[in-house]
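The structure appears right after this line, and notes come after that.
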Amino acid sequence: MQYRDFGQSIDWDPSALGFGAMRLPTDEDGAVDDDRAIEMIRTAIEEGVNYVDTAWPYHDGESERLVGRALEDGYREDVHLATKMPSWEIESQDDLDEYLDAQLERLGVDSIDCYLLHALGQDFWDTYQSVDVFEWLEEVRDAGKIEQIGFSFHDDLDLFREIVDAYDWDFCQIQYNYLDEAFQAGREGLKYAADQGLGVIVMEPLRGGRLATDLPDPVAEAFDTADTDRSPVEWALQWLWDQPEVSLVLSGMSTIDQVRENVELASRSGVGQFSADDRTAVKAARDRFQKLMAVDCTGCDYCMPCPTGVQIPRNFDLYNRLEIGDDPETVVSAYDDMDAEGRADACVACGDCLEACPQQLEIISLLEDAHASFEAARA
């Protein structure tokens, strides 16, 4: 395993790869498969991963409980444990105490190493300021309940700079990958935070898996022109690890094979390994991808569950595949095979998903567009 710098305020070297517990393996009923998930987390730690990240809502609240179990039997001592305050639940300081104490109980720990305010955007940021969150953070840190203080972010660059400047943060977490270089905080935000001394954690390095498998032909061809032979996953991860401002890359792994592959790639990671030719190939791939994508959905599932049962990320994945040109007959068949309440045309425009989406997508109108495209593809 390779290790990196984690900002100026923390004397600790994070592993290049962090374990994100948002996409754990599940059984046929959708519940976390405890045995497989624990094996994955412990295998990653045994291979040198020293940062494990979870959050209140992941897997309907089961992720924190599972991570706590995985870190028993001595594994807790080998990692920095991270979780996040559910920003959408906060109305007062009493709520802050309630959720933190519940998280400590779920995780089975007395202290959380890295504590984040989750998914900051303008509304959540305003709420936190109204409840004097910084005063509270100092109090719970002094009490030993948390150690390092950070935030995860989903909004525009101007707000990101404002938040970075508002407090003496230890670290932050941003969505960043070669497709999202100019999205939300983006590369400018990455550099800005690092220049202020913050550790910067990258989430969605593979954009919910979209950059990992089944690349559209024009995108794959862009990589084929490079002198270096890499898999799609390696192109995406090594592009991140080549940048010195990146402190660690979180991967939401779902299988033991993904753990082993990512650990092996991390062992070969480092700053300065990308050539000018490599960067040209990535830029060409990004440009081609952006022309093909219909919806910038990362499959994070924050919009789920839909009150009426619409499978929002699944609809958008199929919509993108249809627009990209992935075997239209197969894609349309997959759409038709969904339960009626799960398809895009079952949306009743209640709007719950609009507030939940960290990408700020116009989900209702995009679902309408998706269904129209499937209808047209049948004609």
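Scheme for the structure tokens: letters A, B, ... for chains in order shown; per-chain residue numbers from 1; ligand numbers from 1 in order shown.
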
Filtered DSSP result for segment 27-94 of chain A, state helix (DSSP H, G or I), as a VMD selection string: chain A and resid 34 to 46 58 to 70 75 to 78 87 to 89 93 to 94

The selected residues should be written to file as a CSV table (one decimal), in the first residue's frame (atoms: N, CA and C atoms).
```csv
chain,number,residue,atom,x,y,z
A,34,ASP,N,-23.8,-9.4,5.7
A,34,ASP,CA,-22.9,-9.1,6.7
A,34,ASP,C,-21.6,-9.9,6.5
A,35,ASP,N,-21.6,-11.2,6.3
A,35,ASP,CA,-20.4,-12.0,6.2
A,35,ASP,C,-19.5,-11.5,5.1
A,36,ARG,N,-20.1,-11.3,3.9
A,36,ARG,CA,-19.3,-10.8,2.8
A,36,ARG,C,-18.7,-9.4,3.0
A,37,ALA,N,-19.6,-8.5,3.5
A,37,ALA,CA,-19.1,-7.2,3.8
A,37,ALA,C,-18.0,-7.1,4.8
A,38,ILE,N,-18.1,-7.9,5.9
A,38,ILE,CA,-17.1,-7.9,6.9
A,38,ILE,C,-15.8,-8.4,6.3
A,39,GLU,N,-15.9,-9.5,5.5
A,39,GLU,CA,-14.7,-10.1,4.9
A,39,GLU,C,-14.0,-9.0,4.0
A,40,MET,N,-14.8,-8.2,3.2
A,40,MET,CA,-14.2,-7.2,2.4
A,40,MET,C,-13.5,-6.2,3.2
A,41,ILE,N,-14.1,-5.6,4.2
A,41,ILE,CA,-13.5,-4.5,5.0
A,41,ILE,C,-12.2,-5.0,5.7
A,42,ARG,N,-12.3,-6.2,6.2
A,42,ARG,CA,-11.1,-6.7,6.9
A,42,ARG,C,-10.0,-7.1,6.0
A,43,THR,N,-10.3,-7.6,4.8
A,43,THR,CA,-9.3,-7.9,3.8
A,43,THR,C,-8.6,-6.6,3.4
A,44,ALA,N,-9.4,-5.5,3.2
A,44,ALA,CA,-8.8,-4.2,2.8
A,44,ALA,C,-7.9,-3.7,3.9
A,45,ILE,N,-8.3,-3.8,5.1
A,45,ILE,CA,-7.4,-3.4,6.2
A,45,ILE,C,-6.1,-4.2,6.3
A,46,GLU,N,-6.3,-5.5,6.2
A,46,GLU,CA,-5.1,-6.4,6.2
A,46,GLU,C,-4.1,-6.0,5.1
A,58,TYR,N,-26.5,5.4,4.9
A,58,TYR,CA,-26.0,4.3,4.0
A,58,TYR,C,-26.7,3.0,4.3
A,59,HIS,N,-27.2,2.3,3.3
A,59,HIS,CA,-27.9,1.1,3.4
A,59,HIS,C,-29.0,1.2,4.5
A,60,ASP,N,-29.8,2.2,4.4
A,60,ASP,CA,-30.9,2.4,5.3
A,60,ASP,C,-30.5,2.4,6.8
A,61,GLY,N,-29.3,2.9,7.1
A,61,GLY,CA,-28.8,2.9,8.4
A,61,GLY,C,-28.1,1.7,8.9
A,62,GLU,N,-27.9,0.7,8.0
A,62,GLU,CA,-27.2,-0.6,8.4
A,62,GLU,C,-25.7,-0.5,8.2
A,63,SER,N,-25.2,0.5,7.4
A,63,SER,CA,-23.8,0.6,7.1
A,63,SER,C,-23.0,0.8,8.4
A,64,GLU,N,-23.4,1.8,9.2
A,64,GLU,CA,-22.7,2.1,10.4
A,64,GLU,C,-22.6,0.9,11.3
A,65,ARG,N,-23.7,0.2,11.5
A,65,ARG,CA,-23.8,-1.0,12.3
A,65,ARG,C,-22.8,-2.0,11.8
A,66,LEU,N,-22.8,-2.3,10.5
A,66,LEU,CA,-21.9,-3.3,9.9
A,66,LEU,C,-20.5,-2.9,10.0
A,67,VAL,N,-20.2,-1.6,9.8
A,67,VAL,CA,-18.8,-1.2,9.9
A,67,VAL,C,-18.3,-1.4,11.4
A,68,GLY,N,-19.1,-1.1,12.3
A,68,GLY,CA,-18.8,-1.3,13.7
A,68,GLY,C,-18.4,-2.7,14.0
A,69,ARG,N,-19.2,-3.7,13.4
A,69,ARG,CA,-18.9,-5.1,13.6
A,69,ARG,C,-17.6,-5.5,12.9
A,70,ALA,N,-17.4,-4.9,11.7
A,70,ALA,CA,-16.2,-5.3,11.0
A,70,ALA,C,-14.9,-4.8,11.7
A,75,TYR,N,-9.4,-4.7,14.7
A,75,TYR,CA,-9.3,-4.0,13.5
A,75,TYR,C,-9.5,-2.5,13.7
A,76,ARG,N,-10.2,-2.1,14.7
A,76,ARG,CA,-10.5,-0.7,15.0
A,76,ARG,C,-9.2,0.1,15.2
A,77,GLU,N,-8.2,-0.6,15.8
A,77,GLU,CA,-6.9,0.1,16.1
A,77,GLU,C,-6.1,0.4,14.8
A,78,ASP,N,-6.4,-0.2,13.7
A,78,ASP,CA,-5.6,-0.1,12.5
A,78,ASP,C,-6.2,1.0,11.5
A,87,SER,N,-27.2,15.9,7.7
A,87,SER,CA,-27.5,17.3,7.7
A,87,SER,C,-29.0,17.6,7.5
A,88,TRP,N,-29.7,16.8,6.7
A,88,TRP,CA,-31.1,17.0,6.4
A,88,TRP,C,-32.0,16.8,7.6
A,89,GLU,N,-31.5,16.2,8.7
A,89,GLU,CA,-32.2,15.9,9.9
A,89,GLU,C,-32.1,17.0,11.0
A,93,GLN,N,-29.4,22.3,18.1
A,93,GLN,CA,-28.2,21.7,18.6
A,93,GLN,C,-28.6,20.4,19.3
A,94,ASP,N,-29.8,20.3,19.8
A,94,ASP,CA,-30.2,19.0,20.4
A,94,ASP,C,-30.2,17.9,19.4
```

Write out as a compact mmCIF listing (two decimals) with N, CA and C atoms, in the first residue's frame which residues come within 8 Å of segment 270-282 of chain A when counting only C-alpha atoms, dropping same-chain ones fewer than 3 positions away.
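part-v1.txt, written as the output of this step:
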```txt
# COMPACT_ATOMS: atom_id res chain seq x y z
N GLN A 2 0.46 2.25 -0.75
CA GLN A 2 1.12 3.55 -0.74
C GLN A 2 0.36 4.47 0.22
N TYR A 178 -12.31 12.11 -13.49
CA TYR A 178 -11.91 12.78 -14.73
C TYR A 178 -13.09 13.32 -15.52
N ALA A 222 -10.49 6.46 -27.15
CA ALA A 222 -9.61 7.54 -26.72
C ALA A 222 -8.48 6.99 -25.86
N PHE A 223 -8.79 6.06 -24.98
CA PHE A 223 -7.75 5.46 -24.15
C PHE A 223 -6.84 4.53 -24.97
N THR A 225 -5.67 5.03 -27.76
CA THR A 225 -4.64 5.78 -28.49
C THR A 225 -3.42 6.07 -27.64
N ALA A 226 -3.52 5.90 -26.32
CA ALA A 226 -2.41 6.22 -25.43
C ALA A 226 -1.33 5.14 -25.52
N ASP A 227 -0.12 5.52 -25.19
CA ASP A 227 0.99 4.56 -25.19
C ASP A 227 0.88 3.56 -24.05
N THR A 228 0.22 3.97 -22.96
CA THR A 228 0.11 3.13 -21.77
C THR A 228 -1.17 2.29 -21.84
N TRP A 235 -7.27 3.70 -15.30
CA TRP A 235 -7.20 5.04 -15.85
C TRP A 235 -7.82 6.06 -14.89
N GLN A 238 -5.73 6.08 -11.28
CA GLN A 238 -4.36 6.60 -11.36
C GLN A 238 -4.36 8.08 -11.76
N TRP A 239 -5.36 8.52 -12.52
CA TRP A 239 -5.49 9.95 -12.84
C TRP A 239 -5.63 10.75 -11.55
N TRP A 241 -4.70 9.67 -8.36
CA TRP A 241 -3.51 9.50 -7.52
C TRP A 241 -2.30 10.25 -8.07
N ASP A 242 -2.33 10.62 -9.33
CA ASP A 242 -1.24 11.40 -9.91
C ASP A 242 -1.22 12.84 -9.39
N GLN A 243 -2.31 13.28 -8.76
CA GLN A 243 -2.42 14.67 -8.31
C GLN A 243 -2.05 14.79 -6.82
N PRO A 244 -1.04 15.59 -6.49
CA PRO A 244 -0.56 15.64 -5.11
C PRO A 244 -1.57 16.19 -4.12
N ALA A 285 -11.06 11.33 -23.65
CA ALA A 285 -12.12 10.46 -23.12
C ALA A 285 -13.21 11.28 -22.44
N ARG A 286 -12.79 12.27 -21.64
CA ARG A 286 -13.77 13.12 -20.96
C ARG A 286 -14.63 13.87 -21.97
```

Nearest candidate to Glu138 of chain A (options A:Ala372, A:Val164, A:Thr26, A:Trp169; using only C-alpha atoms): A:Trp169

Just the strand (DSSP E) stuff from segment 17-56 of chain A, please, per backbone DSSP, written as number ranges by chain. A: 17-20, 51-53

Would you save the residues from that selection as an mmCIF file, in the first residue's frame, using C-alpha atoms?
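Saved result, part.cif, follows:
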```
data_model
loop_
_atom_site.group_PDB
_atom_site.id
_atom_site.type_symbol
_atom_site.label_atom_id
_atom_site.label_comp_id
_atom_site.auth_asym_id
_atom_site.auth_seq_id
_atom_site.Cartn_x
_atom_site.Cartn_y
_atom_site.Cartn_z
ATOM 1 C CA LEU A 17 -7.224 3.896 -1.097
ATOM 2 C CA GLY A 18 -10.030 4.326 1.434
ATOM 3 C CA PHE A 19 -12.935 1.937 1.948
ATOM 4 C CA GLY A 20 -16.320 3.555 1.311
ATOM 5 C CA TYR A 51 -9.473 4.742 6.354
ATOM 6 C CA VAL A 52 -13.044 3.405 6.498
ATOM 7 C CA ASP A 53 -15.919 5.739 5.660
#
```

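If only C-alpha atoms are the atoms counted, then among A:Ala370, A:Met203, A:Cys297, A:Ala119 the closest residue to Met22 of chain A is A:Met203.
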
Taking 2 positions as the minimum chain separation for residues in the same chain, which residues sit within 10 Å of Ala346 of chain A when counting only C-alpha atoms? Answer as a ChimeraX atom specification. /A:308-311,339-344,348-349,367-368,371

Could you please take those selected residues and save N, CA, C and O atoms as an mmCIF file, in the first residue's frame?
```cif
data_model
loop_
_atom_site.group_PDB
_atom_site.id
_atom_site.type_symbol
_atom_site.label_atom_id
_atom_site.label_comp_id
_atom_site.auth_asym_id
_atom_site.auth_seq_id
_atom_site.Cartn_x
_atom_site.Cartn_y
_atom_site.Cartn_z
ATOM 1 N N THR A 308 -43.146 6.542 -4.467
ATOM 2 C CA THR A 308 -44.041 5.765 -5.332
ATOM 3 C C THR A 308 -43.344 4.566 -5.974
ATOM 4 O O THR A 308 -43.955 3.853 -6.770
ATOM 5 N N GLY A 309 -42.068 4.359 -5.642
ATOM 6 C CA GLY A 309 -41.379 3.166 -6.107
ATOM 7 C C GLY A 309 -40.565 3.313 -7.375
ATOM 8 O O GLY A 309 -40.020 2.321 -7.884
ATOM 9 N N VAL A 310 -40.452 4.519 -7.930
ATOM 10 C CA VAL A 310 -39.675 4.706 -9.149
ATOM 11 C C VAL A 310 -38.197 4.424 -8.867
ATOM 12 O O VAL A 310 -37.627 4.945 -7.905
ATOM 13 N N GLN A 311 -37.590 3.591 -9.686
ATOM 14 C CA GLN A 311 -36.163 3.256 -9.542
ATOM 15 C C GLN A 311 -35.339 4.311 -10.296
ATOM 16 O O GLN A 311 -34.889 4.085 -11.417
ATOM 17 N N ASP A 339 -40.541 -3.506 -12.960
ATOM 18 C CA ASP A 339 -41.919 -3.413 -12.483
ATOM 19 C C ASP A 339 -42.507 -2.072 -12.918
ATOM 20 O O ASP A 339 -41.795 -1.062 -12.990
ATOM 21 N N ALA A 340 -43.803 -2.042 -13.185
ATOM 22 C CA ALA A 340 -44.444 -0.829 -13.694
ATOM 23 C C ALA A 340 -44.217 0.367 -12.782
ATOM 24 O O ALA A 340 -43.989 1.493 -13.257
ATOM 25 N N GLU A 341 -44.268 0.156 -11.462
ATOM 26 C CA GLU A 341 -44.078 1.279 -10.538
ATOM 27 C C GLU A 341 -42.631 1.750 -10.490
ATOM 28 O O GLU A 341 -42.338 2.818 -9.957
ATOM 29 N N GLY A 342 -41.719 0.963 -11.053
ATOM 30 C CA GLY A 342 -40.325 1.357 -11.038
ATOM 31 C C GLY A 342 -39.884 2.163 -12.240
ATOM 32 O O GLY A 342 -38.845 2.823 -12.214
ATOM 33 N N ARG A 343 -40.685 2.141 -13.318
ATOM 34 C CA ARG A 343 -40.294 2.822 -14.551
ATOM 35 C C ARG A 343 -40.505 4.333 -14.459
ATOM 36 O O ARG A 343 -41.269 4.829 -13.628
ATOM 37 N N ALA A 344 -39.837 5.038 -15.350
ATOM 38 C CA ALA A 344 -39.829 6.499 -15.314
ATOM 39 C C ALA A 344 -41.218 7.102 -15.397
ATOM 40 O O ALA A 344 -41.503 8.136 -14.773
ATOM 41 N N VAL A 348 -44.847 10.644 -10.077
ATOM 42 C CA VAL A 348 -46.011 11.501 -9.833
ATOM 43 C C VAL A 348 -45.590 12.938 -9.523
ATOM 44 O O VAL A 348 -46.412 13.753 -9.094
ATOM 45 N N ALA A 349 -44.319 13.251 -9.729
ATOM 46 C CA ALA A 349 -43.803 14.618 -9.556
ATOM 47 C C ALA A 349 -44.004 15.144 -8.136
ATOM 48 O O ALA A 349 -44.326 16.319 -7.941
ATOM 49 N N LEU A 367 -36.803 12.274 -15.913
ATOM 50 C CA LEU A 367 -37.547 11.015 -16.011
ATOM 51 C C LEU A 367 -38.530 11.062 -17.182
ATOM 52 O O LEU A 367 -38.710 10.064 -17.898
ATOM 53 N N GLU A 368 -39.138 12.223 -17.390
ATOM 54 C CA GLU A 368 -40.029 12.369 -18.539
ATOM 55 C C GLU A 368 -39.257 12.186 -19.846
ATOM 56 O O GLU A 368 -39.714 11.514 -20.778
ATOM 57 N N HIS A 371 -38.375 8.426 -20.352
ATOM 58 C CA HIS A 371 -39.482 7.603 -20.838
ATOM 59 C C HIS A 371 -39.781 7.903 -22.308
ATOM 60 O O HIS A 371 -40.050 6.982 -23.096
#
```

What's around Arg268 of chain A at 8 Å? Count only C-alpha atoms, leave out sequence neighbours fewer than 3 positions away in its own chain, and write the answer as an MDAnalysis selection string. chainID A and resid 1:2 264:265

Kindly save the residues from that selection, with N, CA and C atoms included, as a PDB file, in the first residue's frame.
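Produced file selection34.pdb, reproduced below:
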```pdb
ATOM      1  N   MET A   1       0.837  -1.198   0.000  1.00  0.00           N
ATOM      2  CA  MET A   1       0.000   0.000   0.000  1.00  0.00           C
ATOM      3  C   MET A   1       0.875   1.252   0.000  1.00  0.00           C
ATOM      4  N   GLN A   2       0.456   2.251  -0.746  1.00  0.00           N
ATOM      5  CA  GLN A   2       1.115   3.547  -0.735  1.00  0.00           C
ATOM      6  C   GLN A   2       0.359   4.475   0.222  1.00  0.00           C
ATOM      7  N   GLU A 264      -4.494  -3.584  -5.320  1.00  0.00           N
ATOM      8  CA  GLU A 264      -3.337  -3.798  -6.191  1.00  0.00           C
ATOM      9  C   GLU A 264      -3.007  -2.525  -6.969  1.00  0.00           C
ATOM     10  N   LEU A 265      -4.023  -1.830  -7.463  1.00  0.00           N
ATOM     11  CA  LEU A 265      -3.787  -0.579  -8.179  1.00  0.00           C
ATOM     12  C   LEU A 265      -3.199   0.482  -7.242  1.00  0.00           C
TER      13      LEU A 265
END
```

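The smallest atom-to-atom distance between Glu355 of chain A and any of A:Glu135, A:His118, A:Asp113, A:Cys303, using only C-alpha atoms, is found for A:Cys303.
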
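Interatomic distance, atom CA of Thr83 of chain A to atom CA of Leu248 of chain A: 15.6 Å.
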
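Relative to atom CA of Asp336 of chain A, atom CA of Glu362 of chain A is found at 23.1 Å.
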
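Each of A:Gly7, A:Gly150, A:Pro328, A:Gly30 was checked against Arg378 of chain A using only C-alpha atoms; the smallest atom-to-atom distance is that of A:Pro328.
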
Contacts of Leu318 of chain A at 8 Å (only C-alpha atoms; same-chain gap of 3+ positions) as a PyMOL selection string: chain A and resi 314-315+321-322+331-332+334-335

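Neighbouring residues of Val202 of chain A at 8 Å or closer, counting only C-alpha atoms and skipping chain neighbours under 4 positions away, are Gln173, Ile174, Gln175, Tyr176, Val246, Ser247, Leu248, Val249 and Leu250 of chain A.
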
Selection export as an mmCIF file, in the first residue's frame, atoms kept: all heavy atoms:
```cif
data_model
loop_
_atom_site.group_PDB
_atom_site.id
_atom_site.type_symbol
_atom_site.label_atom_id
_atom_site.label_comp_id
_atom_site.auth_asym_id
_atom_site.auth_seq_id
_atom_site.Cartn_x
_atom_site.Cartn_y
_atom_site.Cartn_z
ATOM 1 N N GLN A 173 -14.297 16.538 1.818
ATOM 2 C CA GLN A 173 -14.535 15.428 0.893
ATOM 3 C C GLN A 173 -15.333 15.956 -0.290
ATOM 4 O O GLN A 173 -16.381 16.581 -0.105
ATOM 5 C CB GLN A 173 -15.293 14.313 1.610
ATOM 6 C CG GLN A 173 -15.556 13.080 0.773
ATOM 7 C CD GLN A 173 -16.109 11.942 1.621
ATOM 8 O OE1 GLN A 173 -15.568 11.624 2.680
ATOM 9 N NE2 GLN A 173 -17.197 11.342 1.178
ATOM 10 N N ILE A 174 -14.845 15.710 -1.495
ATOM 11 C CA ILE A 174 -15.484 16.243 -2.693
ATOM 12 C C ILE A 174 -15.688 15.149 -3.732
ATOM 13 O O ILE A 174 -14.946 14.167 -3.783
ATOM 14 C CB ILE A 174 -14.664 17.387 -3.330
ATOM 15 C CG1 ILE A 174 -13.290 16.884 -3.799
ATOM 16 C CG2 ILE A 174 -14.514 18.553 -2.354
ATOM 17 C CD1 ILE A 174 -12.496 17.904 -4.609
ATOM 18 N N GLN A 175 -16.720 15.321 -4.552
ATOM 19 C CA GLN A 175 -16.888 14.470 -5.725
ATOM 20 C C GLN A 175 -15.895 14.924 -6.783
ATOM 21 O O GLN A 175 -15.851 16.098 -7.163
ATOM 22 C CB GLN A 175 -18.307 14.581 -6.268
ATOM 23 C CG GLN A 175 -18.520 13.780 -7.554
ATOM 24 C CD GLN A 175 -19.956 13.793 -8.007
ATOM 25 O OE1 GLN A 175 -20.879 13.779 -7.206
ATOM 26 N NE2 GLN A 175 -20.156 13.808 -9.319
ATOM 27 N N TYR A 176 -15.093 13.972 -7.272
ATOM 28 C CA TYR A 176 -14.051 14.354 -8.223
ATOM 29 C C TYR A 176 -13.624 13.120 -9.002
ATOM 30 O O TYR A 176 -13.353 12.057 -8.434
ATOM 31 C CB TYR A 176 -12.868 14.946 -7.464
ATOM 32 C CG TYR A 176 -11.779 15.556 -8.318
ATOM 33 C CD1 TYR A 176 -12.056 16.563 -9.232
ATOM 34 C CD2 TYR A 176 -10.460 15.143 -8.192
ATOM 35 C CE1 TYR A 176 -11.060 17.136 -10.000
ATOM 36 C CE2 TYR A 176 -9.438 15.714 -8.946
ATOM 37 C CZ TYR A 176 -9.745 16.701 -9.854
ATOM 38 O OH TYR A 176 -8.755 17.272 -10.615
ATOM 39 N N VAL A 246 -4.642 15.366 -3.833
ATOM 40 C CA VAL A 246 -5.562 14.298 -3.418
ATOM 41 C C VAL A 246 -4.942 13.534 -2.253
ATOM 42 O O VAL A 246 -3.888 12.931 -2.393
ATOM 43 C CB VAL A 246 -5.862 13.340 -4.590
ATOM 44 C CG1 VAL A 246 -6.668 12.132 -4.107
ATOM 45 C CG2 VAL A 246 -6.611 14.074 -5.699
ATOM 46 N N SER A 247 -5.628 13.539 -1.097
ATOM 47 C CA SER A 247 -5.100 12.861 0.084
ATOM 48 C C SER A 247 -5.401 11.373 0.068
ATOM 49 O O SER A 247 -4.564 10.563 0.456
ATOM 50 C CB SER A 247 -5.683 13.486 1.356
ATOM 51 O OG SER A 247 -5.325 14.840 1.463
ATOM 52 N N LEU A 248 -6.597 11.022 -0.321
ATOM 53 C CA LEU A 248 -6.952 9.605 -0.484
ATOM 54 C C LEU A 248 -8.176 9.515 -1.362
ATOM 55 O O LEU A 248 -8.939 10.476 -1.502
ATOM 56 C CB LEU A 248 -7.164 8.895 0.856
ATOM 57 C CG LEU A 248 -8.404 9.189 1.696
ATOM 58 C CD1 LEU A 248 -9.568 8.277 1.310
ATOM 59 C CD2 LEU A 248 -8.107 9.000 3.168
ATOM 60 N N VAL A 249 -8.349 8.356 -1.969
ATOM 61 C CA VAL A 249 -9.463 8.111 -2.875
ATOM 62 C C VAL A 249 -10.365 7.059 -2.247
ATOM 63 O O VAL A 249 -9.927 5.944 -1.959
ATOM 64 C CB VAL A 249 -8.969 7.632 -4.250
ATOM 65 C CG1 VAL A 249 -10.144 7.245 -5.136
ATOM 66 C CG2 VAL A 249 -8.123 8.708 -4.919
ATOM 67 N N LEU A 250 -11.628 7.424 -2.016
ATOM 68 C CA LEU A 250 -12.610 6.488 -1.480
ATOM 69 C C LEU A 250 -13.211 5.664 -2.612
ATOM 70 O O LEU A 250 -13.596 6.211 -3.647
ATOM 71 C CB LEU A 250 -13.748 7.234 -0.796
ATOM 72 C CG LEU A 250 -13.571 7.698 0.639
ATOM 73 C CD1 LEU A 250 -14.829 8.447 1.078
ATOM 74 C CD2 LEU A 250 -13.303 6.527 1.569
#
```

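Among the candidate residues A:Met338, A:Leu96, A:Cys350, A:Val233, the one lying nearest to Thr127 of chain A is A:Leu96, with distances computed using only C-alpha atoms.
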